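See below for the structure under consideration.
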Amino acid sequence: MLPQAYAYPAGMRATRDLLRRRLHLVRKRGQLLAHIQMTSHQYNFPPLGKRIAYPSNRDGVADHFEDRVVKKSIAVDLALLGRYDPLLTDLELYLVRQAKQHDANAFHRLRTIPGVGKVLALTILYEIHDVHRFDRVQEFASYARLVKCAKESAGKKQGTSGAKMGNVHLKWAFSEAAVLFVRHCAEGKKLLATLEKRHGKGKALSILAHKLGRAAYFMLAREKAFDVQRFAATAM
């Protein structure tokens, strides 16, 4: 069951919307990088070598292409990337300052989860805002799309609703958190291996994302930092 419509405080809502705007810009930047790579592949050129996501690796990329029109197209992509990079860096710093003003303790607590950096912590913080608006952890898990939402009528369960119910931004955040948790934490690797044996590779990461979502709920509700050993013990 999802909670009823929630009214964000004005400052929190505006910052949440700005954070979502940042994600839109990140995707646009990603499209530019993908276009350069696909164009290189289209003309059967050798790989560009260094990762062009880093500005220092973009020198001479346009000269990689012989056709002057294609070269101009790539130059446009590079020019746009040159605008996106500092814009996104400045925006991220601004959002972190906002988070420290709104709820610095919650922001830092979320970052105690291995692999959760500034952007994921910001997303979780602003998409939840007040964890106490969820009466139970099950409600939160449904809202975050970590489990299917239950349909109820007159107090009786009537199956589950569609997978598109809930908050897509929290679903993304905890899915990313699961991948990064495994990458940055030895206990995470062991836990994923156990989940894969029990449920298969297809479901293991989704289950881990659900467990991290539950952990984040209790961290915020109880004002506690993430405890890796306790999480690993209870999640097995």
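Residues are referred to by chain and number: the chain letter is A, B, ... according to the order shown in the structure tokens, the number counts from 1 in that chain, and ligands are numbered separately from 1 in the order shown.
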
message = Based on the backbone DSSP call, show me all residues of range 43-154 of chain A assigned helix (DSSP H, G or I), as number ranges by chain.
response = A: 55-57, 62-64, 68-110, 118-128, 131-133, 137-143

inquiry  = Report as a ChimeraX atom specification all protein, DNA and RNA residues lying within 7 Å of Tyr126 in chain A, evaluated on only C-alpha atoms, omitting residues in the same chain fewer than 3 positions from it.
reply    = /A:12,16,122-123,129

inquiry  = Please list as a list in words every residue within 7 Å of Ala225 in chain A, counting only C-alpha atoms and excluding residues in the same chain fewer than 2 positions away.
reply    =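 Counting only C-alpha atoms, the residues come to Arg109, Thr112, Met219, Glu223 and Asp227 of chain A.
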
Would you put the residues from that selection into a file with C-alpha atoms, as a CSV table (one decimal), in the first residue's frame?
chain,number,residue,atom,x,y,z
A,109,ARG,CA,24.2,8.7,7.8
A,112,THR,CA,27.9,5.4,5.8
A,219,MET,CA,18.8,4.1,9.8
A,223,GLU,CA,19.0,7.9,13.6
A,227,ASP,CA,26.4,-1.3,10.6

inquiry  = as a list in words, please: every residue in range 16-171 of chain A that a backbone DSSP assignment puts in strand (DSSP E or B).
reply    =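 Matching residues for strand (DSSP E or B) in range 16-171 of chain A are Ala150, Lys151, Glu152, Ser153, Lys156, Lys157, Gln158, Gly159 and Thr160 of chain A.
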
Shortest interatomic distance to Val76 in chain A - which of A:His35, A:Lys224, A:Lys100, A:Lys197, counting only C-alpha atoms =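 Answer, going by the shortest atom-to-atom distance: A:His35.
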
query = Quick one, how far is CA of Gly188 in chain A from CA of Gly213 in chain A?
reply = 14.3 Å

Selection: 9 Å around Ile124 in chain A, only C-alpha atoms, excl. self and same-chain fewer than 2 positions, as a PDB file with C-alpha atoms, in the first residue's frame:
ATOM      1  CA  PHE A 107      22.739  12.984   4.643  1.00  0.00           C
ATOM      2  CA  LEU A 110      23.172   7.610   4.359  1.00  0.00           C
ATOM      3  CA  VAL A 119      24.415  11.723  -5.434  1.00  0.00           C
ATOM      4  CA  LEU A 120      22.752   8.550  -4.143  1.00  0.00           C
ATOM      5  CA  ALA A 121      22.561   9.974  -0.620  1.00  0.00           C
ATOM      6  CA  LEU A 122      20.993  13.160  -1.993  1.00  0.00           C
ATOM      7  CA  TYR A 126      15.125  14.221  -0.916  1.00  0.00           C
ATOM      8  CA  GLU A 127      12.859  11.550  -2.391  1.00  0.00           C
ATOM      9  CA  ILE A 128      11.974  10.357   1.136  1.00  0.00           C
ATOM     10  CA  HIS A 129      12.265  13.656   3.022  1.00  0.00           C
ATOM     11  CA  HIS A 169      13.914   7.675  -8.363  1.00  0.00           C
ATOM     12  CA  LEU A 170      14.165   5.616  -5.166  1.00  0.00           C
ATOM     13  CA  ALA A 173      18.889   4.820  -6.171  1.00  0.00           C
ATOM     14  CA  PHE A 174      18.659   1.525  -4.294  1.00  0.00           C
ATOM     15  CA  ALA A 216      18.035   2.898   5.011  1.00  0.00           C
TER      16      ALA A 216
END

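The two atoms in question, CA of Asp90 in chain A and CA of Arg22 in chain A, are spaced 10.6 Å apart.
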
message = Just the number, please: distance in Å from CA of His132 in chain A to CA of Tyr217 in chain A, one decimal.
response =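 Answer for the CA of His132 in chain A to CA of Tyr217 in chain A separation: 9.2 Å.
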
task = Write out as a PyMOL selection string each polymer residue whose atoms come within 6 Å of Gly166 in chain A, counting only C-alpha atoms; drop sequence neighbours fewer than 2 positions from it.
result = chain A and resi 143-145

query = Which of these residues is nearest to Ser73 in chain A, using only C-alpha atoms: A:Asn167, A:Ser175, A:Gln98, A:Thr39?
reply =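 Closest to Ser73 in chain A, using only C-alpha atoms: A:Thr39.
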
query = What lies within 7 Å of range 201-212 of chain A using only C-alpha atoms, ignoring chain neighbours under 2 positions off, as number ranges by chain?
reply = A: 146, 174-175, 177-178, 192, 195-196, 199, 214-216, 235

task = Return the single residue from A:Arg198, A:Lys148, A:Arg29, A:Arg111 that is closest to Leu78 in chain A, with distances computed using only C-alpha atoms.
result =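 Selected residue with least distance to Leu78 in chain A: A:Arg29.
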
inquiry  = Taking 3 positions as the minimum chain separation for residues in the same chain, which residues sit within 6 Å of range 179-186 of chain A when counting only C-alpha atoms? Answer as a PyMOL selection string.
reply    = chain A and resi 114-115+176+189
